[in-house]
$ cat entry.txt   # compact mmCIF, C-alpha atoms
# COMPACT_ATOMS: atom_id res chain seq x y z
CA MET N 1 0.00 0.00 0.00
CA ASP N 2 1.23 3.41 -0.82
CA SER N 3 1.50 5.11 2.51
CA ALA N 4 -0.49 8.28 2.20
CA LYS N 5 0.81 10.06 5.23
CA PRO N 6 2.72 13.10 4.06
CA LYS N 7 6.37 12.75 4.72
CA HIS N 8 7.29 15.86 6.67
CA ASN N 9 10.91 16.76 6.23
CA LYS N 10 12.66 18.66 8.91
CA VAL N 11 12.00 22.30 8.21
CA ILE N 12 14.81 24.75 8.74
CA ASP N 13 13.62 27.55 6.53
CA GLY N 14 10.01 28.31 7.48
CA GLN N 15 9.64 30.83 4.70
CA ALA N 16 10.61 28.21 2.15
CA LEU N 17 7.88 25.92 3.45
CA PHE N 18 5.35 28.73 3.33
CA ASN N 19 6.29 29.57 -0.24
CA GLY N 20 6.06 25.93 -1.19
CA SER N 21 2.54 25.55 0.16
CA VAL N 22 1.44 28.72 -1.61
CA ASP N 23 2.91 27.36 -4.83
CA LYS N 24 0.94 24.14 -4.37
CA ILE N 25 -2.32 26.02 -3.84
CA ASP N 26 -1.58 28.27 -6.80
CA SER N 27 -0.80 25.33 -9.03
CA GLU N 28 -4.00 23.56 -8.01
CA GLN N 29 -6.02 26.70 -8.71
CA THR N 30 -4.33 26.92 -12.08
CA TRP N 31 -5.13 23.28 -12.84
CA VAL N 32 -8.74 23.81 -11.84
CA ALA N 33 -9.01 26.92 -14.01
CA GLU N 34 -7.42 25.16 -16.97
CA ALA N 35 -9.51 22.02 -16.48
CA LYS N 36 -12.60 24.23 -16.54
CA GLN N 37 -11.46 25.34 -19.99
CA GLY N 38 -11.28 21.72 -21.10
CA CYS N 39 -7.56 21.15 -20.59
CA GLN N 40 -7.05 17.41 -20.02
CA SER N 41 -3.42 17.67 -18.95
CA ALA N 42 -4.44 20.02 -16.12
CA PHE N 43 -7.23 17.62 -15.24
CA TYR N 44 -4.68 14.80 -15.15
CA GLN N 45 -2.67 16.79 -12.60
CA LEU N 46 -5.77 17.07 -10.43
CA TYR N 47 -6.32 13.33 -10.82
CA GLN N 48 -2.74 12.61 -9.82
CA LYS N 49 -3.07 14.76 -6.75
CA HIS N 50 -6.42 13.49 -5.50
CA HIS N 51 -7.10 10.02 -6.86
CA LYS N 52 -5.61 8.16 -3.89
CA SER N 53 -7.72 10.00 -1.34
CA ILE N 54 -10.82 9.55 -3.48
CA TYR N 55 -10.03 5.86 -3.90
CA ALA N 56 -9.66 5.58 -0.11
CA LEU N 57 -13.08 7.13 0.34
CA CYS N 58 -14.61 4.83 -2.27
CA TRP N 59 -12.93 1.77 -0.84
CA ARG N 60 -14.02 2.50 2.71
CA MET N 61 -17.60 3.21 1.75
CA LEU N 62 -17.98 0.31 -0.67
CA ALA N 63 -15.71 -2.25 1.03
CA ASP N 64 -14.97 -3.80 -2.32
CA LYS N 65 -11.84 -3.30 -4.38
CA ASP N 66 -13.34 -3.69 -7.84
CA SER N 67 -16.34 -1.48 -7.10
CA ALA N 68 -14.08 1.10 -5.49
CA GLU N 69 -11.91 1.26 -8.60
CA ASP N 70 -14.89 1.57 -10.92
CA VAL N 71 -16.57 4.22 -8.78
CA CYS N 72 -13.32 6.14 -8.36
CA GLN N 73 -13.14 6.35 -12.15
CA GLU N 74 -16.76 7.45 -12.24
CA VAL N 75 -16.00 10.18 -9.70
CA PHE N 76 -13.35 11.68 -11.96
CA VAL N 77 -15.60 11.46 -15.02
CA VAL N 78 -18.31 13.29 -13.05
CA LEU N 79 -15.68 15.76 -11.87
CA TRP N 80 -14.75 16.48 -15.49
CA GLN N 81 -18.37 17.14 -16.32
CA LYS N 82 -19.13 19.28 -13.28
CA ILE N 83 -15.88 21.06 -12.56
CA ASN N 84 -17.40 24.32 -13.76
CA ASN N 85 -19.72 24.16 -10.76
CA PHE N 86 -16.75 24.59 -8.41
CA ARG N 87 -16.87 28.24 -7.40
CA GLY N 88 -13.90 28.27 -5.05
CA GLU N 89 -16.03 28.88 -1.95
CA SER N 90 -14.44 25.88 -0.24
CA LYS N 91 -11.22 23.98 -0.68
CA PHE N 92 -11.17 22.02 -3.92
CA SER N 93 -10.46 18.79 -2.04
CA THR N 94 -13.50 19.37 0.21
CA TRP N 95 -15.73 19.96 -2.79
CA LEU N 96 -14.27 16.95 -4.61
CA HIS N 97 -14.93 14.71 -1.61
CA SER N 98 -18.57 15.83 -1.51
CA VAL N 99 -18.87 15.01 -5.23
CA ALA N 100 -17.26 11.63 -4.60
CA THR N 101 -19.56 10.89 -1.65
CA ASN N 102 -22.59 11.58 -3.80
CA VAL N 103 -21.30 9.37 -6.60
CA VAL N 104 -20.63 6.52 -4.18
CA LEU N 105 -24.06 6.80 -2.60
CA GLY N 106 -25.65 6.92 -6.05
CA HIS N 107 -23.74 3.78 -6.98
CA LEU N 108 -24.93 2.02 -3.83
CA ARG N 109 -28.54 2.97 -4.53
CA LYS N 110 -28.31 1.73 -8.11
CA HIS N 111 -26.72 -1.56 -7.17
CA LYS N 112 -28.80 -2.43 -4.16
CA ASN N 113 -30.43 -5.68 -5.15
CA TRP N 114 -34.13 -6.30 -5.00
CA LEU N 115 -33.78 -8.68 -2.05
CA GLN N 116 -32.12 -5.96 0.03
CA ARG N 117 -34.75 -3.45 -1.03
CA VAL N 118 -37.68 -5.68 -0.11
CA PHE N 119 -36.46 -7.31 3.07
CA SER N 120 -33.93 -4.73 4.28
CA ILE N 121 -31.51 -7.57 4.87
CA GLU N 122 -28.66 -5.31 5.82
CA GLU N 123 -30.57 -3.98 8.77
CA GLN N 124 -30.91 -7.51 10.09
CA GLY N 125 -27.17 -7.85 10.11
CA VAL N 126 -26.95 -10.61 7.52
CA SER N 127 -24.17 -8.82 5.74
CA ILE N 128 -21.95 -9.44 8.73
CA ALA N 129 -22.08 -13.11 7.93
CA GLU N 130 -20.80 -12.44 4.42
CA PRO N 131 -17.93 -10.05 4.78
CA SER N 132 -16.84 -8.53 1.52
CA VAL N 133 -13.24 -8.39 2.71
CA SER N 134 -11.23 -11.14 4.22
CA LEU N 135 -9.02 -10.24 7.14
CA THR N 136 -6.19 -12.27 5.73
CA ASP N 137 -6.10 -11.64 2.00
CA ASN N 138 -5.87 -7.88 2.03
CA THR N 139 -2.59 -7.18 3.67
CA THR N 140 -2.19 -3.80 1.99
CA LEU N 141 -4.94 -2.34 4.17
CA SER N 142 -4.60 -1.27 7.76
CA LEU N 143 -6.17 -3.51 10.37
CA LEU N 144 -8.84 -0.93 11.14
CA ASP N 145 -9.69 -0.56 7.44
CA GLN N 146 -10.17 -4.29 7.18
CA HIS N 147 -12.55 -4.22 10.15
CA ILE N 148 -14.44 -1.21 8.82
CA ALA N 149 -14.99 -3.15 5.62
CA ARG N 150 -16.69 -5.94 7.59
CA LEU N 151 -19.24 -3.63 9.20
CA PRO N 152 -22.88 -3.75 8.04
CA GLU N 153 -23.40 -1.33 5.20
CA ARG N 154 -25.28 1.45 6.99
CA ALA N 155 -23.07 1.37 10.04
CA ARG N 156 -20.02 1.40 7.79
CA LEU N 157 -21.25 4.34 5.73
CA VAL N 158 -22.11 6.38 8.79
CA PHE N 159 -18.82 5.54 10.48
CA VAL N 160 -16.74 6.46 7.42
CA LEU N 161 -18.65 9.67 6.77
CA PHE N 162 -18.61 10.79 10.41
CA ALA N 163 -15.33 9.53 11.82
CA VAL N 164 -13.13 9.53 8.72
CA GLU N 165 -14.62 12.17 6.41
CA GLY N 166 -15.73 14.52 9.17
CA TYR N 167 -19.34 15.08 8.16
CA ARG N 168 -21.91 15.99 10.84
CA HIS N 169 -24.80 13.66 11.65
CA GLU N 170 -27.23 16.23 10.23
CA GLU N 171 -25.40 16.12 6.90
CA ILE N 172 -25.14 12.33 6.95
CA SER N 173 -28.84 11.95 7.70
CA LYS N 174 -29.64 13.95 4.57
CA MET N 175 -27.17 12.04 2.43
CA LEU N 176 -28.40 8.66 3.57
CA LYS N 177 -32.04 9.71 3.86
CA MET N 178 -32.32 8.68 7.48
CA ALA N 179 -33.14 10.40 10.75
CA VAL N 180 -30.37 12.16 12.62
CA GLY N 181 -30.99 9.80 15.53
CA SER N 182 -30.54 6.80 13.22
CA SER N 183 -27.25 8.19 12.03
CA LYS N 184 -26.08 8.54 15.61
CA SER N 185 -27.24 5.06 16.56
CA GLN N 186 -25.56 3.56 13.50
CA TYR N 187 -22.36 5.30 14.47
CA HIS N 188 -22.66 3.95 18.00
CA ARG N 189 -23.32 0.49 16.60
CA ALA N 190 -20.30 0.73 14.31
CA ARG N 191 -18.06 1.73 17.19
CA LEU N 192 -19.23 -1.17 19.33
CA LEU N 193 -18.74 -3.66 16.52
CA LEU N 194 -15.31 -2.31 15.73
CA LYS N 195 -14.20 -2.40 19.35
CA GLU N 196 -15.46 -5.96 19.66
CA SER N 197 -13.82 -7.16 16.50
CA LEU N 198 -10.55 -5.38 17.20
CA THR N 199 -10.53 -6.83 20.72
CA ASP N 200 -11.16 -10.30 19.34
CA VAL N 201 -8.18 -9.94 17.06
CA ASP N 202 -6.01 -8.76 19.91
CA LEU N 203 -7.16 -11.58 22.13
CA SER N 204 -6.51 -14.16 19.45
CA SER N 205 -3.02 -12.79 19.06
CA VAL N 206 -2.60 -13.03 22.84
CA ASP N 207 -3.78 -16.62 22.80
CA GLN N 208 -1.40 -17.35 19.98
CA GLU N 209 1.36 -15.76 22.02
CA PHE N 210 0.56 -18.02 24.96
CA SER N 211 0.41 -21.12 22.81
CA TYR N 212 4.01 -20.52 21.85
CA GLU N 213 5.13 -20.33 25.47
CA MET E 214 -2.92 -13.64 34.72
CA SER E 215 -4.66 -14.42 31.52
CA ASN E 216 -7.74 -12.35 32.48
CA HIS E 217 -5.55 -9.41 33.36
CA ARG E 218 -3.89 -9.59 29.95
CA GLN E 219 -7.33 -9.72 28.29
CA GLU E 220 -8.54 -6.57 30.07
CA ASP E 221 -5.44 -4.77 28.88
CA LYS E 222 -6.23 -5.77 25.32
CA TRP E 223 -9.86 -4.51 25.35
CA VAL E 224 -10.07 -1.72 22.76
CA SER E 225 -11.45 1.41 24.39
CA ASP E 226 -13.16 4.39 22.76
CA LYS E 227 -9.94 6.28 23.06
CA GLY E 228 -8.00 3.44 21.49
CA LEU E 229 -10.44 3.30 18.59
CA ALA E 230 -10.26 7.06 18.13
CA GLU E 231 -6.48 6.85 18.03
CA GLN E 232 -6.61 4.15 15.38
CA VAL E 233 -9.07 6.23 13.33
CA ALA E 234 -6.76 9.23 13.58
CA LYS E 235 -3.92 7.07 12.28
CA LEU E 236 -5.90 5.93 9.24
CA SER E 237 -4.23 6.73 5.99
CA THR E 238 -5.99 9.47 4.03
CA GLU E 239 -4.88 7.83 0.79
CA ILE E 240 -4.95 4.33 -0.62
CA GLN E 241 -3.22 3.41 -3.85
CA PRO E 242 -5.53 1.56 -6.26
CA GLU E 243 -4.02 -1.64 -7.64
CA ARG E 244 -4.65 -0.78 -11.28
CA ASP E 245 -4.10 2.40 -13.23
CA LEU E 246 -7.46 4.15 -13.35
CA TRP E 247 -6.48 7.03 -15.62
CA PRO E 248 -6.77 5.31 -19.06
CA GLY E 249 -10.42 4.49 -18.38
CA ILE E 250 -11.10 8.03 -17.19
CA GLU E 251 -9.32 9.50 -20.19
CA ARG E 252 -11.36 7.38 -22.60
CA ALA E 253 -14.57 8.45 -20.87
CA ILE E 254 -13.86 12.17 -20.78
CA ASN E 255 -12.84 12.21 -24.42
CA HIS E 256 -16.46 11.51 -25.21
CA GLN E 257 -17.93 13.68 -22.48
CA GLU E 258 -18.71 17.35 -22.74
CA GLN E 259 -18.22 19.55 -19.70
CA GLN E 260 -21.34 21.04 -18.22
CA ARG E 261 -21.62 24.77 -18.14
CA SER E 262 -21.64 26.21 -14.67
CA GLU E 263 -24.99 25.71 -12.95
CA ASN E 264 -24.23 28.89 -11.09
CA THR E 265 -23.93 30.90 -14.30
CA ASN E 266 -27.19 29.50 -15.53
CA SER E 267 -28.94 30.33 -12.30
CA ASN E 268 -27.52 33.85 -12.38
CA VAL E 269 -29.30 34.37 -15.67
CA PHE E 270 -32.34 32.38 -14.75
CA VAL E 271 -33.13 33.94 -11.37
CA PRO E 272 -33.39 37.60 -12.51
CA SER E 273 -35.29 36.49 -15.59
CA ALA E 274 -37.70 34.55 -13.44
CA TRP E 275 -38.14 37.54 -11.14
CA ALA E 276 -38.71 39.87 -14.06
CA ALA E 277 -41.23 37.47 -15.59
CA SER E 278 -43.02 37.12 -12.25
CA ILE E 279 -43.22 40.88 -11.73
CA ALA E 280 -44.46 41.41 -15.27
CA LEU E 281 -47.08 38.71 -14.75
CA VAL E 282 -48.27 40.27 -11.50
CA ILE E 283 -48.54 43.70 -13.14
CA LEU E 284 -50.50 42.27 -16.06
CA MET E 285 -52.81 40.33 -13.76
CA SER E 286 -53.38 43.41 -11.63
CA TRP E 287 -54.07 45.49 -14.70
CA PHE E 288 -56.65 43.11 -16.10
CA THR E 289 -58.24 42.44 -12.71
CA PHE E 290 -58.46 45.96 -11.32
CA SER E 291 -58.42 48.19 -14.38
CA PRO E 292 -62.20 49.11 -14.17
CA SER E 293 -61.89 50.34 -10.57
CA ILE E 294 -58.66 52.13 -11.38
CA ASP E 295 -60.45 53.96 -14.14
CA GLU E 296 -63.18 55.07 -11.76
CA GLN E 297 -60.90 56.20 -8.99
CA GLY E 298 -58.12 57.53 -11.18
CA ILE E 299 -60.07 60.19 -13.00
CA PRO E 300 -58.77 63.16 -11.00
CA GLU E 301 -55.24 61.98 -11.62
CA LEU E 302 -55.94 61.77 -15.31
CA VAL E 303 -57.46 65.22 -15.24
CA LYS E 304 -54.32 66.72 -13.70
CA ASN E 305 -52.60 66.11 -16.98
CA LYS E 306 -54.08 68.63 -19.39
CA GLN E 307 -52.90 66.69 -22.40
CA LEU E 308 -54.77 63.60 -21.28
CA SER E 309 -57.96 65.56 -20.87
CA ASN E 310 -58.08 66.57 -24.46
CA PRO E 311 -59.68 63.54 -26.08
CA SER E 312 -63.43 62.94 -25.65
CA GLN E 313 -63.97 65.54 -22.93
CA GLY E 314 -67.75 65.24 -23.05
CA ALA E 315 -67.60 61.51 -22.53
CA LEU E 316 -65.30 62.01 -19.57
CA VAL E 317 -67.65 64.53 -17.94
CA ASN E 318 -70.60 62.19 -18.38
CA PHE E 319 -68.58 59.33 -16.94
CA MET E 320 -67.57 61.43 -13.91
CA GLN E 321 -71.15 62.43 -13.34
CA GLN E 322 -72.42 58.85 -13.56
CA ASN E 323 -69.72 57.70 -11.23
CA PHE E 324 -70.60 60.39 -8.71
CA GLN E 325 -74.30 59.53 -8.83
CA GLN E 326 -73.49 55.87 -8.21
CA GLN E 327 -71.31 56.71 -5.23
CA LYS E 328 -73.94 59.04 -3.80
CA GLN E 329 -76.68 56.47 -4.28
CA THR E 330 -74.60 53.77 -2.65
CA LEU E 331 -73.94 56.07 0.28
CA LEU E 332 -77.62 56.92 0.75
CA VAL E 333 -78.63 53.25 0.46
CA SER E 334 -76.14 52.38 3.14
CA TYR E 335 -77.75 55.04 5.33
CA GLY E 336 -81.19 53.52 4.71
CA GLN E 337 -82.46 56.00 2.08
CA PRO E 338 -82.93 58.88 4.56
CA ALA E 339 -85.38 61.73 4.04
CA MET E 340 -83.36 64.77 2.99
CA GLU E 341 -86.21 67.08 4.02
CA GLN E 342 -85.51 66.34 7.69
CA LEU E 343 -82.10 68.01 7.46
CA PRO E 344 -81.68 71.50 8.92
CA VAL E 345 -82.48 74.15 6.35
CA ALA E 346 -78.94 75.50 6.37
CA MET E 347 -77.61 72.08 5.45
CA GLN E 348 -80.17 71.69 2.73
CA ILE E 349 -79.02 75.04 1.32
CA GLU E 350 -75.37 73.94 1.43
CA LEU E 351 -76.19 70.76 -0.46
CA LYS E 352 -78.20 72.70 -3.01
CA LYS E 353 -75.30 75.13 -3.54
CA LEU E 354 -72.96 72.24 -4.19
CA ALA E 355 -75.42 70.65 -6.60
CA ASP E 356 -75.81 73.96 -8.44
CA ALA E 357 -72.04 74.40 -8.63
CA ARG E 358 -71.73 70.93 -10.08
CA SER E 359 -74.34 71.65 -12.65
CA SER E 360 -72.69 74.98 -13.62
CA ILE E 361 -69.28 73.36 -14.00
CA LYS E 362 -70.75 70.63 -16.13
CA THR E 363 -72.42 73.17 -18.38
CA ALA E 364 -69.17 75.13 -18.66
CA LEU E 365 -67.27 71.98 -19.58
CA LEU E 366 -69.64 71.27 -22.43
CA THR E 367 -68.68 74.61 -23.95
CA ASP E 368 -64.97 74.48 -22.96
CA GLU E 369 -63.92 70.92 -23.58
CA ASN E 370 -60.19 71.43 -23.03
CA ASN E 371 -60.42 73.04 -19.60
CA ALA E 372 -58.74 70.64 -17.17
CA ASP E 373 -59.17 73.08 -14.27
CA LEU E 374 -62.93 72.82 -14.64
CA LEU E 375 -62.71 69.04 -14.61
CA ASN E 376 -60.72 69.18 -11.39
CA LEU E 377 -63.26 71.59 -9.93
CA LEU E 378 -66.10 69.26 -10.89
CA ASP E 379 -64.38 66.40 -9.18
CA PHE E 380 -63.71 68.58 -6.12
CA THR E 381 -67.38 69.59 -5.76
CA GLN E 382 -68.51 66.00 -6.15
CA GLN E 383 -66.16 64.83 -3.43
CA GLN E 384 -67.22 67.71 -1.17
CA GLU E 385 -70.86 66.77 -1.57
CA LEU E 386 -70.16 63.16 -0.65
CA LYS E 387 -68.11 64.25 2.37
CA LEU E 388 -70.87 66.58 3.50
CA LEU E 389 -73.43 63.79 3.33
CA GLN E 390 -71.15 61.58 5.43
CA GLU E 391 -70.62 64.35 7.98
CA LEU E 392 -74.34 65.07 8.21
CA TYR E 393 -75.13 61.42 8.78
CA ARG E 394 -72.59 61.23 11.60
CA GLN E 395 -73.87 64.44 13.25
CA TYR E 396 -77.60 64.15 12.91
CA GLN E 397 -78.30 60.48 12.20
CA VAL E 398 -81.39 61.71 10.46
CA ILE E 399 -80.68 61.43 6.88
$ encode --input "entry.txt" --output "structure tokens"
Amino acid sequence: MDSAKPKHNKVIDGQALFNGSVDKIDSEQTWVAEAKQGCQSAFYQLYQKHHKSIYALCWRMLADKDSAEDVCQEVFVVLWQKINNFRGESKFSTWLHSVATNVVLGHLRKHKNWLQRVFSIEEQGVSIAEPSVSLTDNTTLSLLDQHIARLPERARLVFVLFAVEGYRHEEISKMLKMAVGSSKSQYHRARLLLKESLTDVDLSSVDQEFSYE
Amino acid sequence: MSNHRQEDKWVSDKGLAEQVAKLSTEIQPERDLWPGIERAINHQEQQRSENTNSNVFVPSAWAASIALVILMSWFTFSPSIDEQGIPELVKNKQLSNPSQGALVNFMQQNFQQQKQTLLVSYGQPAMEQLPVAMQIELKKLADARSSIKTALLTDENNADLLNLLDFTQQQELKLLQELYRQYQVI
């Protein structure tokens, strides 16, 4: 996995760092302006800068590698179409993440099968029995990411949007068309399930440790 | 010993929050996604800014709404405006030029209607029961009205006379209202 954490070099010249960050913002603004004019090379620069964070969002919300890749592509196609709607009132990355969230949710709505629609299977927790991600075969992901992927869909979406993406419950309730209270309870549920599953993993590692003694 | 180790390993809220904070903001997709995006956008047109469209649309919608309201008001209330707006029309001498006689007749009819409505609302009172002085005042006003009307028939372009006619009509109506309040007899 490509570690996304920015590598912070030791800064001696603060002014140089300041100038560098300004340059980055300026260059992004330039790319956005040029992409609005239909410049694909500028759009490619925006893709290069943001595709990993958008893929992370897609992956965490969808918990499926292939779907995440497809939807990540769809996000950038939608971005190309709608980039003229970006008015610069927020950071470009913030706006892009909101576009991506909407695309992911639209994808989920489109691909929800008829059985889920009729019987609301997810709400009964059946999806827990069929995790879309194995804890052993996806070593490129962090342990927490692997456990997030095993959460029931609604709990997972709320957890990712609230805890990772930083949306408020009021915003999430609108996005997911649920009550604010439901969003909060799903978040609570997700936290409990995560703590349980992470504890189980830790305990199994402890047991393994003892078995070697 | 074992239980103690297990309690230590229980993931707390704080521990979970710390793990969330450590989550990577980026994940590298396994395959190169750009070629697919490039193919797609080669066939896709960019949308024009929704904001720009709304900037044009909103004022246009407002203008259309205002125009509609004005038109509706005009068609709905134009008869009453005509009746009440005569003095205003008369102020403009140029507007008083065409069909002066018709305008005088219209003003007179309108006044008679208003007076009749007023008297009906008072229960068709007997004018003879008014004090003589009041009856004289009313007669003077009626005579003045008649004189102005006669003068207008011979001087069609005199806007001052039209205003005076309107003034005497209004004074007569006001006097009737005042008399009703004071005497409750008519």
$ interface_residues --input "entry.txt" --of "chain E" --to "chain N" --cutoff "6 Å" --atoms "only C-alpha atoms" --output "list in words"
Trp223, Val224, Ser237, Thr238, Glu239, Ile240, Gln241, Ile250, Gln259, Gln260, Ser262 and Glu263 of chain E
$ atom_distance --input "entry.txt" --atom1 "CA of Ala253 (chain E)" --atom2 "CA of Asn102 (chain N)"
19.1 Å
$ atom_distance --input "entry.txt" --atom1 "CA of Val233 (chain E)" --atom2 "CA of Trp247 (chain E)"
29.1 Å
$ atom_distance --input "entry.txt" --atom1 "CA of Asp379 (chain E)" --atom2 "CA of Arg394 (chain E)"
22.9 Å
$ residues_around --input "entry.txt" --residues "Leu365 (chain E)" --least-positions-apart "3" --cutoff "8 Å" --atoms "only C-alpha atoms" --output "MDAnalysis selection string"
chainID E and resid 313:314 317 361:362 368:371 374:375
$ residues_around --input "entry.txt" --residues "region 178-187 of chain N" --least-positions-apart "6" --cutoff "8 Å" --atoms "only C-alpha atoms" --output "PyMOL selection string"
chain N and resi 154-155+158-159+162+169-170+172
$ build_atoms --input "entry.txt" --residues "region 253-261 of chain E" --atoms "all heavy atoms" --output "tab-separated table (two decimals), in the frame of the given file"
chain	number	residue	atom	x	y	z
E	253	ALA	N	-13.20	7.96	-21.15
E	253	ALA	CA	-14.57	8.45	-20.87
E	253	ALA	C	-14.69	9.95	-21.11
E	253	ALA	O	-15.66	10.40	-21.74
E	253	ALA	CB	-14.95	8.11	-19.44
E	254	ILE	N	-13.71	10.71	-20.66
E	254	ILE	CA	-13.86	12.17	-20.78
E	254	ILE	C	-13.63	12.67	-22.20
E	254	ILE	O	-14.02	13.77	-22.54
E	254	ILE	CB	-12.97	12.94	-19.77
E	254	ILE	CG1	-11.48	12.74	-20.07
E	254	ILE	CG2	-13.29	12.56	-18.35
E	254	ILE	CD1	-10.57	13.58	-19.17
E	255	ASN	N	-12.99	11.83	-23.01
E	255	ASN	CA	-12.84	12.21	-24.42
E	255	ASN	C	-14.19	12.28	-25.13
E	255	ASN	O	-14.32	12.96	-26.13
E	255	ASN	CB	-11.93	11.20	-25.15
E	255	ASN	CG	-10.47	11.52	-24.93
E	255	ASN	OD1	-10.12	12.68	-24.70
E	255	ASN	ND2	-9.61	10.51	-24.96
E	256	HIS	N	-15.13	11.52	-24.59
E	256	HIS	CA	-16.46	11.51	-25.21
E	256	HIS	C	-17.48	12.30	-24.39
E	256	HIS	O	-18.66	12.25	-24.67
E	256	HIS	CB	-16.93	10.06	-25.38
E	256	HIS	CG	-15.99	9.22	-26.18
E	256	HIS	ND1	-15.87	9.33	-27.54
E	256	HIS	CD2	-15.09	8.28	-25.80
E	256	HIS	CE1	-14.94	8.49	-27.97
E	256	HIS	NE2	-14.45	7.84	-26.94
E	257	GLN	N	-17.00	12.96	-23.36
E	257	GLN	CA	-17.93	13.68	-22.48
E	257	GLN	C	-17.72	15.18	-22.62
E	257	GLN	O	-16.59	15.65	-22.57
E	257	GLN	CB	-17.68	13.31	-21.01
E	257	GLN	CG	-17.92	11.86	-20.69
E	257	GLN	CD	-19.36	11.56	-20.35
E	257	GLN	OE1	-20.14	12.48	-20.15
E	257	GLN	NE2	-19.71	10.29	-20.29
E	258	GLU	N	-18.80	15.89	-22.73
E	258	GLU	CA	-18.71	17.35	-22.74
E	258	GLU	C	-18.81	17.86	-21.32
E	258	GLU	O	-19.51	17.28	-20.50
E	258	GLU	CB	-19.85	17.92	-23.57
E	258	GLU	CG	-19.72	17.61	-25.04
E	258	GLU	CD	-19.94	18.82	-25.89
E	258	GLU	OE1	-20.41	19.84	-25.37
E	258	GLU	OE2	-19.63	18.74	-27.08
E	259	GLN	N	-18.11	18.94	-21.02
E	259	GLN	CA	-18.22	19.55	-19.70
E	259	GLN	C	-19.51	20.35	-19.61
E	259	GLN	O	-19.91	21.01	-20.58
E	259	GLN	CB	-17.02	20.46	-19.44
E	259	GLN	CG	-15.74	19.68	-19.19
E	259	GLN	CD	-14.57	20.60	-18.95
E	259	GLN	OE1	-14.33	21.51	-19.73
E	259	GLN	NE2	-13.85	20.36	-17.88
E	260	GLN	N	-20.12	20.26	-18.43
E	260	GLN	CA	-21.34	21.04	-18.22
E	260	GLN	C	-20.96	22.49	-18.01
E	260	GLN	O	-19.92	22.79	-17.43
E	260	GLN	CB	-22.08	20.54	-16.98
E	260	GLN	CG	-22.71	19.19	-17.16
E	260	GLN	CD	-23.35	18.70	-15.88
E	260	GLN	OE1	-23.37	19.41	-14.88
E	260	GLN	NE2	-23.86	17.49	-15.91
E	261	ARG	N	-21.82	23.35	-18.47
E	261	ARG	CA	-21.62	24.77	-18.14
E	261	ARG	C	-22.01	24.97	-16.69
E	261	ARG	O	-22.80	24.20	-16.15
E	261	ARG	CB	-22.49	25.65	-19.05
E	261	ARG	CG	-22.06	25.53	-20.50
E	261	ARG	CD	-23.01	26.28	-21.39
E	261	ARG	NE	-22.85	27.71	-21.24
E	261	ARG	CZ	-23.63	28.59	-21.86
E	261	ARG	NH1	-24.61	28.17	-22.63
E	261	ARG	NH2	-23.43	29.87	-21.70
